[in-house]
Structures are given as C-alpha cells and as structure tokens.
>>> print(open('entry.cif').read())   # mmCIF, C-alpha atoms
data_upload
#
loop_
_atom_site.label_atom_id
_atom_site.label_comp_id
_atom_site.auth_asym_id
_atom_site.auth_seq_id
_atom_site.Cartn_x
_atom_site.Cartn_y
_atom_site.Cartn_z
CA MET J 1 0.00 0.00 0.00
CA ALA J 2 1.27 3.46 -0.84
CA ALA J 3 1.54 5.55 2.29
CA LYS J 4 0.75 9.23 2.61
CA LYS J 5 3.42 11.53 3.97
CA SER J 6 1.17 14.46 4.85
CA ASN J 7 -2.32 15.23 6.09
CA GLU J 8 -3.39 16.31 2.62
CA ARG J 9 -5.20 13.72 0.55
CA ASN J 10 -3.31 12.36 -2.42
CA GLU J 11 -5.74 10.85 -4.93
CA GLU J 12 -3.00 9.05 -6.86
CA THR J 13 -1.35 7.21 -3.98
CA PHE J 14 -4.03 6.66 -1.33
CA VAL J 15 -5.52 3.17 -1.17
CA TYR J 16 -8.56 2.37 0.96
CA GLU J 17 -8.52 -0.64 3.26
CA PHE J 18 -11.31 -2.67 4.94
CA GLY J 19 -13.77 -1.99 2.13
CA GLY J 20 -13.32 1.77 2.11
CA VAL J 21 -15.93 4.14 3.51
CA LEU J 22 -18.78 1.63 3.25
CA GLY J 23 -16.67 -0.97 5.03
CA ALA J 24 -15.91 1.52 7.80
CA VAL J 25 -19.59 2.37 8.21
CA PHE J 26 -20.47 -1.33 8.29
CA MET J 27 -17.89 -2.11 10.97
CA ILE J 28 -18.71 0.90 13.15
CA ILE J 29 -22.36 -0.15 13.19
CA GLY J 30 -21.97 -3.88 12.70
CA LEU J 31 -19.41 -4.74 15.37
CA PRO J 32 -21.57 -3.60 18.33
CA ILE J 33 -24.60 -5.32 16.80
CA GLY J 34 -22.51 -8.44 16.21
CA THR J 35 -21.42 -8.41 19.85
CA TYR J 36 -25.04 -8.25 20.98
CA TYR J 37 -26.02 -10.96 18.51
CA LEU J 38 -23.37 -13.46 19.66
CA THR J 39 -24.16 -12.72 23.31
CA ALA J 40 -27.87 -13.20 22.62
CA CYS J 41 -27.13 -16.58 21.03
CA ALA J 42 -25.31 -17.60 24.22
CA PHE J 43 -28.15 -16.20 26.33
CA TYR J 44 -30.83 -18.18 24.49
CA GLY J 45 -28.64 -21.25 24.20
CA HIS J 46 -28.88 -21.56 20.42
CA VAL J 47 -27.92 -19.72 17.25
CA LEU J 48 -30.48 -17.16 16.12
CA TYR J 49 -31.18 -17.78 12.44
CA PRO J 50 -34.26 -17.57 10.19
CA THR J 51 -35.96 -20.95 9.76
CA ALA J 52 -37.17 -19.90 6.32
CA LEU J 53 -35.96 -17.58 3.57
CA SER J 54 -38.46 -14.82 4.23
CA VAL J 55 -38.58 -11.41 5.87
CA ALA J 56 -41.20 -12.69 8.29
CA ALA J 57 -38.95 -15.53 9.45
CA LEU J 58 -36.00 -13.15 9.85
CA GLN J 59 -38.18 -10.84 11.92
CA HIS J 60 -39.59 -13.63 14.09
CA ASP J 61 -36.49 -15.78 14.56
CA VAL J 62 -33.69 -13.21 14.69
CA ILE J 63 -34.64 -9.56 14.94
CA THR J 64 -37.41 -9.85 17.56
CA PRO J 65 -35.49 -12.05 20.04
CA LEU J 66 -32.34 -9.96 19.52
CA LEU J 67 -34.16 -6.70 20.25
CA GLN J 68 -35.91 -8.31 23.21
CA PHE J 69 -32.55 -9.40 24.60
CA ILE J 70 -31.03 -5.94 24.16
CA THR J 71 -33.98 -4.04 25.63
CA THR J 72 -34.52 -6.35 28.62
CA GLN J 73 -31.00 -7.51 29.49
CA CYS J 74 -28.55 -4.92 28.12
CA GLN J 75 -30.20 -1.61 28.95
CA LEU J 76 -28.29 1.24 30.56
CA ASP J 77 -27.99 0.66 34.29
CA TRP J 78 -26.60 2.96 36.98
CA VAL J 79 -25.08 0.12 39.04
CA ALA J 80 -23.38 -1.32 35.96
CA PHE J 81 -22.08 2.15 35.09
CA LYS J 82 -20.56 2.56 38.56
CA ILE J 83 -18.96 -0.89 38.46
CA TYR J 84 -17.36 -0.42 35.06
CA SER J 85 -16.35 3.18 35.73
CA PHE J 86 -14.64 2.11 38.96
CA TRP J 87 -12.81 -0.63 37.07
CA PHE J 88 -11.77 1.63 34.19
CA PHE J 89 -10.47 4.50 36.29
CA MET J 90 -8.69 2.19 38.72
CA GLN J 91 -6.76 0.87 35.72
CA ILE J 92 -5.85 4.44 34.79
CA VAL J 93 -4.72 5.08 38.37
CA ALA J 94 -2.60 1.91 38.33
CA ASP J 95 -1.04 2.93 35.01
CA ARG J 96 -0.17 6.36 36.34
CA ILE J 97 1.13 5.58 39.85
CA LEU J 98 2.86 2.21 39.49
CA SER J 99 6.54 2.30 38.63
CA GLY J 100 7.96 0.45 35.66
CA GLU J 101 10.95 0.08 33.41
CA ILE J 102 11.32 2.86 30.83
CA VAL J 103 11.62 1.35 27.37
CA TYR J 104 12.02 3.14 24.04
CA GLY J 105 9.64 2.24 21.24
CA GLN J 106 10.31 2.10 17.51
CA PRO J 107 10.99 5.25 15.43
CA VAL J 108 7.86 7.28 14.68
CA PRO J 109 7.92 8.73 11.12
CA GLU J 110 5.60 11.63 12.03
CA LEU J 111 8.10 12.68 14.73
CA LYS J 112 11.11 12.54 12.41
CA ASP J 113 11.86 8.97 13.55
CA LYS J 114 11.98 9.92 17.21
CA CYS J 115 11.66 6.96 19.60
CA LEU J 116 9.10 7.59 22.33
CA LYS J 117 9.44 6.46 25.93
CA TYR J 118 7.03 3.88 27.40
CA LYS J 119 6.66 2.94 31.05
CA MET J 120 6.29 -0.83 31.19
CA ASN J 121 4.33 -1.39 34.40
CA GLY J 122 1.79 -3.85 33.02
CA TRP J 123 3.01 -6.70 35.24
CA LYS J 124 2.48 -4.60 38.35
CA ALA J 125 -0.96 -3.55 37.07
CA TRP J 126 -1.74 -7.26 36.57
CA LEU J 127 -0.78 -7.98 40.19
CA PHE J 128 -2.77 -4.92 41.26
CA THR J 129 -5.86 -6.39 39.55
CA HIS J 130 -5.40 -9.65 41.45
CA LEU J 131 -5.19 -7.66 44.69
CA LEU J 132 -8.46 -5.91 43.80
CA LEU J 133 -10.13 -9.28 43.28
CA ILE J 134 -8.93 -10.53 46.66
CA LEU J 135 -10.19 -7.36 48.38
CA VAL J 136 -13.59 -7.79 46.74
CA LEU J 137 -13.83 -11.40 47.93
CA VAL J 138 -12.87 -10.43 51.49
CA GLN J 139 -14.68 -7.12 51.89
CA SER J 140 -17.70 -7.44 49.61
CA PRO J 141 -18.32 -11.01 48.38
CA SER J 142 -21.89 -10.08 47.44
CA LEU J 143 -20.45 -7.92 44.64
CA ILE J 144 -19.66 -11.12 42.75
CA GLY J 145 -23.37 -11.86 42.38
CA ILE J 146 -24.12 -8.27 41.43
CA ILE J 147 -21.53 -8.37 38.64
CA VAL J 148 -23.04 -11.60 37.31
CA ASP J 149 -26.54 -10.11 37.40
CA LYS J 150 -25.37 -6.93 35.65
CA LEU J 151 -22.98 -8.58 33.19
CA TYR J 152 -24.97 -7.72 30.05
CA ASN J 153 -25.52 -4.17 31.29
CA ILE J 154 -21.78 -3.85 31.90
CA MET J 155 -21.24 -4.95 28.29
CA THR J 156 -23.33 -2.01 27.10
CA ILE J 157 -21.43 0.41 29.33
CA ALA J 158 -18.13 -0.98 28.06
CA GLN J 159 -19.23 -0.35 24.45
CA LEU J 160 -20.06 3.25 25.32
CA TYR J 161 -16.65 3.65 26.98
CA ALA J 162 -15.03 2.21 23.85
CA LEU J 163 -16.84 4.80 21.73
CA GLY J 164 -15.77 7.53 24.14
CA MET J 165 -12.12 6.44 23.98
CA ALA J 166 -12.30 6.30 20.16
CA ILE J 167 -13.58 9.88 20.08
CA LEU J 168 -10.90 10.96 22.58
CA ALA J 169 -8.14 9.31 20.54
CA HIS J 170 -9.42 11.03 17.38
CA VAL J 171 -9.56 14.46 19.04
CA VAL J 172 -6.10 14.02 20.57
CA GLY J 173 -4.74 12.89 17.20
CA VAL J 174 -6.21 15.92 15.41
CA CYS J 175 -4.90 18.31 18.05
CA SER J 176 -1.43 16.76 17.89
CA GLY J 177 -1.17 17.36 14.15
CA LEU J 178 0.41 13.91 13.75
CA GLY J 179 -2.18 12.40 11.44
CA CYS J 180 -0.93 9.95 8.85
CA ARG J 181 -2.35 7.94 5.92
CA LEU J 182 -5.54 10.03 5.92
CA SER J 183 -8.22 9.73 3.25
CA GLY J 184 -10.00 13.02 3.86
CA ASN J 185 -13.24 11.17 4.66
CA PHE J 186 -14.19 11.66 8.32
CA VAL J 187 -15.98 8.31 8.79
CA TYR J 188 -13.17 6.29 7.23
CA ASP J 189 -10.43 8.17 9.09
CA PHE J 190 -12.35 7.85 12.36
CA TRP J 191 -12.57 4.07 11.93
CA MET J 192 -8.97 3.59 10.82
CA GLY J 193 -7.64 6.00 13.42
CA TYR J 194 -6.17 9.44 12.96
CA ALA J 195 -2.71 9.27 14.54
CA ARG J 196 -0.21 6.50 15.14
CA VAL J 197 0.63 7.67 18.67
CA PRO J 198 -2.30 9.52 20.30
CA ARG J 199 -0.93 10.78 23.61
CA ILE J 200 -1.99 13.07 26.44
CA GLY J 201 1.36 14.07 27.88
CA ASP J 202 3.12 10.75 28.40
CA PHE J 203 -0.15 8.82 28.67
CA ASP J 204 -0.31 6.67 25.55
CA ILE J 205 -4.00 6.04 24.79
CA LYS J 206 -3.31 3.24 22.32
CA LEU J 207 -0.96 1.28 24.59
CA PHE J 208 -3.37 1.64 27.51
CA CYS J 209 -6.39 0.45 25.53
CA GLU J 210 -4.38 -2.41 24.04
CA ALA J 211 -4.74 -4.50 27.19
CA ARG J 212 -5.38 -2.70 30.46
CA PRO J 213 -9.18 -2.29 30.58
CA GLY J 214 -9.98 -5.17 28.22
CA LEU J 215 -7.66 -8.15 28.65
CA GLN J 216 -7.62 -7.83 32.43
CA LEU J 217 -11.42 -7.55 32.59
CA TRP J 218 -11.60 -10.73 30.52
CA ILE J 219 -9.94 -12.64 33.36
CA VAL J 220 -11.95 -10.85 36.03
CA ILE J 221 -15.18 -11.91 34.32
CA ASP J 222 -13.85 -15.48 33.93
CA PHE J 223 -13.09 -15.62 37.64
CA VAL J 224 -16.38 -14.02 38.67
CA LEU J 225 -18.41 -16.53 36.63
CA PHE J 226 -16.35 -19.48 37.86
CA TYR J 227 -16.59 -18.40 41.50
CA HIS J 228 -20.31 -17.65 41.21
CA HIS J 229 -20.93 -21.09 39.70
CA TRP J 230 -19.03 -22.71 42.57
CA GLN J 231 -21.04 -20.69 45.10
CA THR J 232 -24.46 -21.42 43.62
CA GLU J 233 -23.96 -25.00 42.43
CA GLN J 234 -21.67 -26.09 45.27
CA ARG J 235 -19.51 -28.05 42.89
CA PHE J 236 -16.24 -27.69 41.02
CA ASP J 237 -16.62 -27.46 37.24
CA ALA J 238 -13.45 -28.81 35.62
CA GLN J 239 -14.29 -27.46 32.16
CA MET J 240 -14.84 -23.92 33.43
CA PHE J 241 -11.62 -24.12 35.42
CA ALA J 242 -9.63 -25.36 32.40
CA ILE J 243 -10.89 -22.45 30.26
CA PHE J 244 -10.22 -19.96 33.04
CA ALA J 245 -6.72 -21.33 33.69
CA MET J 246 -5.67 -21.29 30.01
CA GLN J 247 -6.98 -17.78 29.42
CA TRP J 248 -5.35 -16.61 32.66
CA TRP J 249 -2.03 -18.06 31.50
CA TYR J 250 -2.36 -16.42 28.07
CA ILE J 251 -2.92 -12.96 29.55
CA THR J 252 -0.32 -13.44 32.27
CA ASP J 253 2.18 -14.18 29.50
CA TYR J 254 1.22 -10.92 27.76
CA PHE J 255 1.91 -8.81 30.84
CA TRP J 256 5.12 -10.65 31.74
CA PHE J 257 6.48 -9.87 28.27
CA GLU J 258 4.63 -6.56 27.87
CA ASP J 259 7.54 -4.72 26.26
CA ALA J 260 7.26 -7.07 23.26
CA ILE J 261 4.09 -5.17 22.22
CA LEU J 262 6.34 -2.26 21.21
CA THR J 263 7.70 -4.33 18.31
CA THR J 264 4.30 -5.37 16.92
CA MET J 265 2.30 -4.00 14.02
CA ASP J 266 -0.28 -2.70 16.53
CA LEU J 267 2.14 -0.13 17.92
CA ILE J 268 4.48 0.43 14.98
CA HIS J 269 2.06 0.73 12.07
CA ASP J 270 -1.61 0.82 13.06
CA LYS J 271 -3.33 4.07 13.88
CA PHE J 272 -5.76 4.43 16.76
#
>>> encode(input="entry.cif", output="structure tokens")
Amino acid sequence: MAAKKSNERNEETFVYEFGGVLGAVFMIIGLPIGTYYLTACAFYGHVLYPTALSVAALQHDVITPLLQFITTQCQLDWVAFKIYSFWFFMQIVADRILSGEIVYGQPVPELKDKCLKYKMNGWKAWLFTHLLLILVLVQSPSLIGIIVDKLYNIMTIAQLYALGMAILAHVVGVCSGLGCRLSGNFVYDFWMGYARVPRIGDFDIKLFCEARPGLQLWIVIDFVLFYHHWQTEQRFDAQMFAIFAMQWWYITDYFWFEDAILTTMDLIHDKF
C-alpha cells in the first residue's frame, strides 16, 4: 500500500482498506450489533437464524429475540455504570502511579523517527488487579453476584466507553497534528484511526487500551463466573476451570512480556 506523507489527501497514492468508507460504516455499526447478537445466542442457548428464507422468518427468529434481549438484558444501568467506571479508572490510576521500566519504542515517522518512551508497568498492574479481586472477595463477596446479574448491562457500558475512547483518541490525534495515511473522509479516518501515537502528555492512549481495561477484565469476568458457579452449584466445574486457567495463562504471558508489544504492528504501524 502506498503511504501518505502528509495530512493532505493524495488521490494518486491513497488506497482504501477494509472496504473503504462503506466498510468503515459497516464495521462501526456492525461490530456492536454483532457483539449483541453473539451474546444473545449464548443467552438463548442456540444460534439465532431464520428458519425460512423470508422477511417474516427473519423478523420472528432473529430480529425480535435480539431486540428483546437488548432491551430487557442490556439496557443502561446505573449500578453497571458505577462498576465499570470504577474498574476503568482504577486501571488508569494503576497505570499512572505504578513504577515500571522505561523502554524506548520504535521510530515514529511523524516525529522525524523519534523513539518515544514507554513505562512498562503492566506486570504490576496485573498484580494490582489480582489484589483488587482478593479485596472484593474479602470485603464485599456479594459484589460477585451483582456483577453476574449486571454482566450484560456492563457490556453495554463498556461499548459506550469504547466509543468515548475512540472519540478521545481522534480528538487528541487531530490536536497533535500527527495524522498519517488520511483519506480526507471523516468516517473512514475515524474508523482507521487518525494518529499512530495519540498521547496526552506521556499517557499513551493506544498502549493503555491495548490490554489494560480489556484483557484484564476478561480474566476478572472469567473468575467471577467461575466463583459464582461454585457458590451457587456447590460443585467444582473442571471445564470452566480449564478455560479460566488457560486464558489466565495467556494474559499473564502478555503482561510478563509486555515490552514485546512495542515491536508489533499494533504499535508500529496501526493508527488508533
């Protein structure tokens, strides 16, 4: 792909990716809907699909149950908002206050190949998350049940936070003047990202969103569901434990070798 070297659109060299503007629109709208759809399939215990090739079947077998799931299980909820907001901002606090090794990233073309500094404290943040879980179990074990009850509501709040962070990253990128490979179409550039390194001071939005709120919450939810099942069913589920253990190991590996992310396409090439 031919890359742009300025913020001005170059009709001769710019090449759209991901299906261009229509692809960007589809993914901006389709990914949240897809998330709800897959979660609804898990909720109902079967795949939602039309039993006949007709609009009526699509409406009855897919659209109606999906909308019912979203409006009854995934609506905005104040308790879910407080839970997720506490989680999100505690991760920001951990990122800011915990010490870590200072590592230089790869050269950034928009900064004349300057190598930016990154504080690698992901392992300590990972341990901090485990400490939070232990405190919850000791001080407020009932919160486990509340999180399970509000899980679908939390999913909606998380999607709104993701949209908010996308808007923030775009605004920061525009204000920094470090946009690259831009098409000139707002929707497409919003989806693909505006800048390679959107930063507020030394707070790197892309690196933070890469794993801190998401990957760690993945394990928290795994643990909450496993612990809740053990509490309510009074039995140990080996399959749930195996899934939890393997996913825990996968994410533990990421944070132990966190500095390796600085050499990946995510950080070097992709915009955010």
>>> resolve_selection(input="entry.cif", expression="the PyMOL selection byres ((chain J and resi 91) around 12)", output="PyMOL selection string")
chain J and resi 84-90+92-98+121-122+124-129+132+208-209+211-217
>>> residues_around(input="entry.cif", residues="J:Ile205", least_positions_apart="5", cutoff="9 Å", atoms="only C-alpha atoms", output="NGL selection string")
:J and (165 or 168-169 or 197-200 or 210 or 272)
>>> resolve_selection(input="entry.cif", expression="the PyMOL selection byres ((chain J and resi 196) around 8)", output="VMD selection string")
chain J and resid 178 to 180 193 to 195 197 to 198 267 to 272
>>> atom_distance(input="entry.cif", atom1="atom CA of J:Leu48", atom2="atom CA of J:Ile29")
19.1 Å
>>> atom_distance(input="entry.cif", atom1="atom CA of J:Cys74", atom2="atom CA of J:Ile146")
14.4 Å
>>> closest_residue(input="entry.cif", among="J:Thr232, J:Gly184, J:His130, J:Trp78", to="J:Trp248", atoms="only C-alpha atoms")
J:His130
>>> atom_distance(input="entry.cif", atom1="atom CA of J:Phe236", atom2="atom CA of J:Leu38")
26.6 Å
>>> closest_atom_pairs(input="entry.cif", of="stretch 112-224 of chain J", to="stretch 100-103 of chain J", cutoff="7 Å", atoms="all atoms listed in the file", output="Markdown table")
| residue | atom | partner | partner_atom | distance |
| --- | --- | --- | --- | --- |
| J:Lys117 | CA | J:Val103 | CA | 5.7 |
| J:Tyr118 | CA | J:Val103 | CA | 5.2 |
| J:Lys119 | CA | J:Ile102 | CA | 4.7 |
| J:Met120 | CA | J:Gly100 | CA | 4.9 |
| J:Asn121 | CA | J:Gly100 | CA | 4.3 |
>>> closest_atom_pairs(input="entry.cif", of="stretch 88-203 of chain J", to="stretch 51-70 of chain J", cutoff="10 Å", atoms="all atoms listed in the file", output="tab-separated table")
residue	atom	partner	partner_atom	distance
J:Tyr152	CA	J:Ile70	CA	8.6
J:Asn153	CA	J:Ile70	CA	9.2
J:Thr156	CA	J:Ile70	CA	9.1
>>> closest_residue(input="entry.cif", among="J:Ile221, J:Ile147, J:Val21, J:Leu137", to="J:Val79", atoms="only C-alpha atoms")
J:Ile147
>>> resolve_selection(input="entry.cif", expression="the PyMOL selection byres ((chain J and resi 107) around 12)", output="PDB file with C-alpha atoms, in the coordinates of the input")
ATOM      1  CA  TYR J 104      12.020   3.140  24.040  1.00  0.00           C
ATOM      2  CA  GLY J 105       9.640   2.240  21.240  1.00  0.00           C
ATOM      3  CA  GLN J 106      10.310   2.100  17.510  1.00  0.00           C
ATOM      4  CA  VAL J 108       7.860   7.280  14.680  1.00  0.00           C
ATOM      5  CA  PRO J 109       7.920   8.730  11.120  1.00  0.00           C
ATOM      6  CA  GLU J 110       5.600  11.630  12.030  1.00  0.00           C
ATOM      7  CA  LEU J 111       8.100  12.680  14.730  1.00  0.00           C
ATOM      8  CA  LYS J 112      11.110  12.540  12.410  1.00  0.00           C
ATOM      9  CA  ASP J 113      11.860   8.970  13.550  1.00  0.00           C
ATOM     10  CA  LYS J 114      11.980   9.920  17.210  1.00  0.00           C
ATOM     11  CA  CYS J 115      11.660   6.960  19.600  1.00  0.00           C
ATOM     12  CA  LEU J 116       9.100   7.590  22.330  1.00  0.00           C
ATOM     13  CA  LYS J 117       9.440   6.460  25.930  1.00  0.00           C
ATOM     14  CA  ARG J 196      -0.210   6.500  15.140  1.00  0.00           C
ATOM     15  CA  VAL J 197       0.630   7.670  18.670  1.00  0.00           C
ATOM     16  CA  LEU J 262       6.340  -2.260  21.210  1.00  0.00           C
ATOM     17  CA  THR J 263       7.700  -4.330  18.310  1.00  0.00           C
ATOM     18  CA  LEU J 267       2.140  -0.130  17.920  1.00  0.00           C
ATOM     19  CA  ILE J 268       4.480   0.430  14.980  1.00  0.00           C
ATOM     20  CA  HIS J 269       2.060   0.730  12.070  1.00  0.00           C
TER      21      HIS J 269
END
>>> closest_residue(input="entry.cif", among="J:Leu160, J:Ile251, J:Leu76, J:Cys175", to="J:Val220", atoms="all atoms listed in the file")
J:Ile251
>>> closest_residue(input="entry.cif", among="J:Val25, J:Leu135, J:Ala40, J:Leu207", to="J:Phe190", atoms="all atoms listed in the file")
J:Val25
>>> build_atoms(input="entry.cif", residues="stretch 199-225 of chain J", atoms="N, CA, C and O atoms", output="mmCIF file, in the frame of the given file")
data_model
loop_
_atom_site.group_PDB
_atom_site.id
_atom_site.type_symbol
_atom_site.label_atom_id
_atom_site.label_comp_id
_atom_site.auth_asym_id
_atom_site.auth_seq_id
_atom_site.Cartn_x
_atom_site.Cartn_y
_atom_site.Cartn_z
ATOM 1 N N ARG J 199 -1.405 10.674 22.229
ATOM 2 C CA ARG J 199 -0.930 10.780 23.610
ATOM 3 C C ARG J 199 -1.447 12.038 24.275
ATOM 4 O O ARG J 199 -1.572 13.083 23.634
ATOM 5 N N ILE J 200 -1.712 11.921 25.581
ATOM 6 C CA ILE J 200 -1.990 13.070 26.440
ATOM 7 C C ILE J 200 -0.821 13.157 27.398
ATOM 8 O O ILE J 200 -0.735 12.387 28.358
ATOM 9 N N GLY J 201 0.114 14.071 27.122
ATOM 10 C CA GLY J 201 1.360 14.070 27.880
ATOM 11 C C GLY J 201 2.126 12.805 27.576
ATOM 12 O O GLY J 201 2.408 12.504 26.421
ATOM 13 N N ASP J 202 2.446 12.027 28.617
ATOM 14 C CA ASP J 202 3.120 10.750 28.400
ATOM 15 C C ASP J 202 2.157 9.571 28.519
ATOM 16 O O ASP J 202 2.573 8.412 28.551
ATOM 17 N N PHE J 203 0.852 9.879 28.599
ATOM 18 C CA PHE J 203 -0.150 8.820 28.670
ATOM 19 C C PHE J 203 -0.509 8.386 27.259
ATOM 20 O O PHE J 203 -1.142 9.131 26.506
ATOM 21 N N ASP J 204 -0.081 7.188 26.891
ATOM 22 C CA ASP J 204 -0.310 6.670 25.550
ATOM 23 C C ASP J 204 -1.664 5.967 25.505
ATOM 24 O O ASP J 204 -1.835 4.885 26.075
ATOM 25 N N ILE J 205 -2.628 6.568 24.824
ATOM 26 C CA ILE J 205 -4.000 6.040 24.790
ATOM 27 C C ILE J 205 -4.031 4.668 24.123
ATOM 28 O O ILE J 205 -4.717 3.750 24.586
ATOM 29 N N LYS J 206 -3.278 4.513 23.046
ATOM 30 C CA LYS J 206 -3.310 3.240 22.320
ATOM 31 C C LYS J 206 -2.724 2.110 23.149
ATOM 32 O O LYS J 206 -3.318 1.030 23.235
ATOM 33 N N LEU J 207 -1.576 2.334 23.772
ATOM 34 C CA LEU J 207 -0.960 1.280 24.590
ATOM 35 C C LEU J 207 -1.858 0.912 25.762
ATOM 36 O O LEU J 207 -2.005 -0.270 26.084
ATOM 37 N N PHE J 208 -2.481 1.908 26.376
ATOM 38 C CA PHE J 208 -3.370 1.640 27.510
ATOM 39 C C PHE J 208 -4.558 0.785 27.080
ATOM 40 O O PHE J 208 -4.897 -0.217 27.724
ATOM 41 N N CYS J 209 -5.198 1.167 25.981
ATOM 42 C CA CYS J 209 -6.390 0.450 25.530
ATOM 43 C C CYS J 209 -6.058 -0.913 24.938
ATOM 44 O O CYS J 209 -6.944 -1.757 24.789
ATOM 45 N N GLU J 210 -4.794 -1.124 24.605
ATOM 46 C CA GLU J 210 -4.380 -2.410 24.040
ATOM 47 C C GLU J 210 -4.700 -3.570 24.974
ATOM 48 O O GLU J 210 -5.071 -4.656 24.512
ATOM 49 N N ALA J 211 -4.576 -3.358 26.288
ATOM 50 C CA ALA J 211 -4.740 -4.500 27.190
ATOM 51 C C ALA J 211 -5.303 -4.167 28.565
ATOM 52 O O ALA J 211 -5.963 -5.006 29.180
ATOM 53 N N ARG J 212 -5.071 -2.958 29.057
ATOM 54 C CA ARG J 212 -5.380 -2.700 30.460
ATOM 55 C C ARG J 212 -6.862 -2.873 30.812
ATOM 56 O O ARG J 212 -7.208 -3.681 31.674
ATOM 57 N N PRO J 213 -7.785 -2.125 30.178
ATOM 58 C CA PRO J 213 -9.180 -2.290 30.580
ATOM 59 C C PRO J 213 -9.811 -3.575 30.042
ATOM 60 O O PRO J 213 -10.699 -4.143 30.679
ATOM 61 N N GLY J 214 -9.331 -4.065 28.888
ATOM 62 C CA GLY J 214 -9.980 -5.170 28.220
ATOM 63 C C GLY J 214 -9.486 -6.554 28.605
ATOM 64 O O GLY J 214 -10.246 -7.388 29.110
ATOM 65 N N LEU J 215 -8.196 -6.820 28.375
ATOM 66 C CA LEU J 215 -7.660 -8.150 28.650
ATOM 67 C C LEU J 215 -7.789 -8.511 30.136
ATOM 68 O O LEU J 215 -8.113 -9.650 30.487
ATOM 69 N N GLN J 216 -7.535 -7.535 31.002
ATOM 70 C CA GLN J 216 -7.620 -7.830 32.430
ATOM 71 C C GLN J 216 -9.071 -8.086 32.849
ATOM 72 O O GLN J 216 -9.348 -8.959 33.684
ATOM 73 N N LEU J 217 -10.006 -7.336 32.259
ATOM 74 C CA LEU J 217 -11.420 -7.550 32.590
ATOM 75 C C LEU J 217 -11.880 -8.924 32.103
ATOM 76 O O LEU J 217 -12.758 -9.545 32.720
ATOM 77 N N TRP J 218 -11.309 -9.392 31.021
ATOM 78 C CA TRP J 218 -11.600 -10.730 30.520
ATOM 79 C C TRP J 218 -11.389 -11.766 31.629
ATOM 80 O O TRP J 218 -12.251 -12.621 31.889
ATOM 81 N N ILE J 219 -10.241 -11.678 32.302
ATOM 82 C CA ILE J 219 -9.940 -12.640 33.360
ATOM 83 C C ILE J 219 -10.800 -12.400 34.588
ATOM 84 O O ILE J 219 -11.218 -13.353 35.263
ATOM 85 N N VAL J 220 -11.073 -11.145 34.898
ATOM 86 C CA VAL J 220 -11.950 -10.850 36.030
ATOM 87 C C VAL J 220 -13.325 -11.478 35.818
ATOM 88 O O VAL J 220 -13.889 -12.110 36.730
ATOM 89 N N ILE J 221 -13.872 -11.329 34.614
ATOM 90 C CA ILE J 221 -15.180 -11.910 34.320
ATOM 91 C C ILE J 221 -15.115 -13.440 34.376
ATOM 92 O O ILE J 221 -16.019 -14.099 34.905
ATOM 93 N N ASP J 222 -14.030 -14.025 33.827
ATOM 94 C CA ASP J 222 -13.850 -15.480 33.930
ATOM 95 C C ASP J 222 -13.905 -15.925 35.384
ATOM 96 O O ASP J 222 -14.604 -16.890 35.740
ATOM 97 N N PHE J 223 -13.148 -15.237 36.231
ATOM 98 C CA PHE J 223 -13.090 -15.620 37.640
ATOM 99 C C PHE J 223 -14.433 -15.436 38.327
ATOM 100 O O PHE J 223 -14.874 -16.300 39.096
ATOM 101 N N VAL J 224 -15.086 -14.308 38.051
ATOM 102 C CA VAL J 224 -16.380 -14.020 38.670
ATOM 103 C C VAL J 224 -17.399 -15.112 38.319
ATOM 104 O O VAL J 224 -18.126 -15.604 39.194
ATOM 105 N N LEU J 225 -17.454 -15.502 37.048
ATOM 106 C CA LEU J 225 -18.410 -16.530 36.630
ATOM 107 C C LEU J 225 -18.064 -17.883 37.231
ATOM 108 O O LEU J 225 -18.953 -18.637 37.652
#
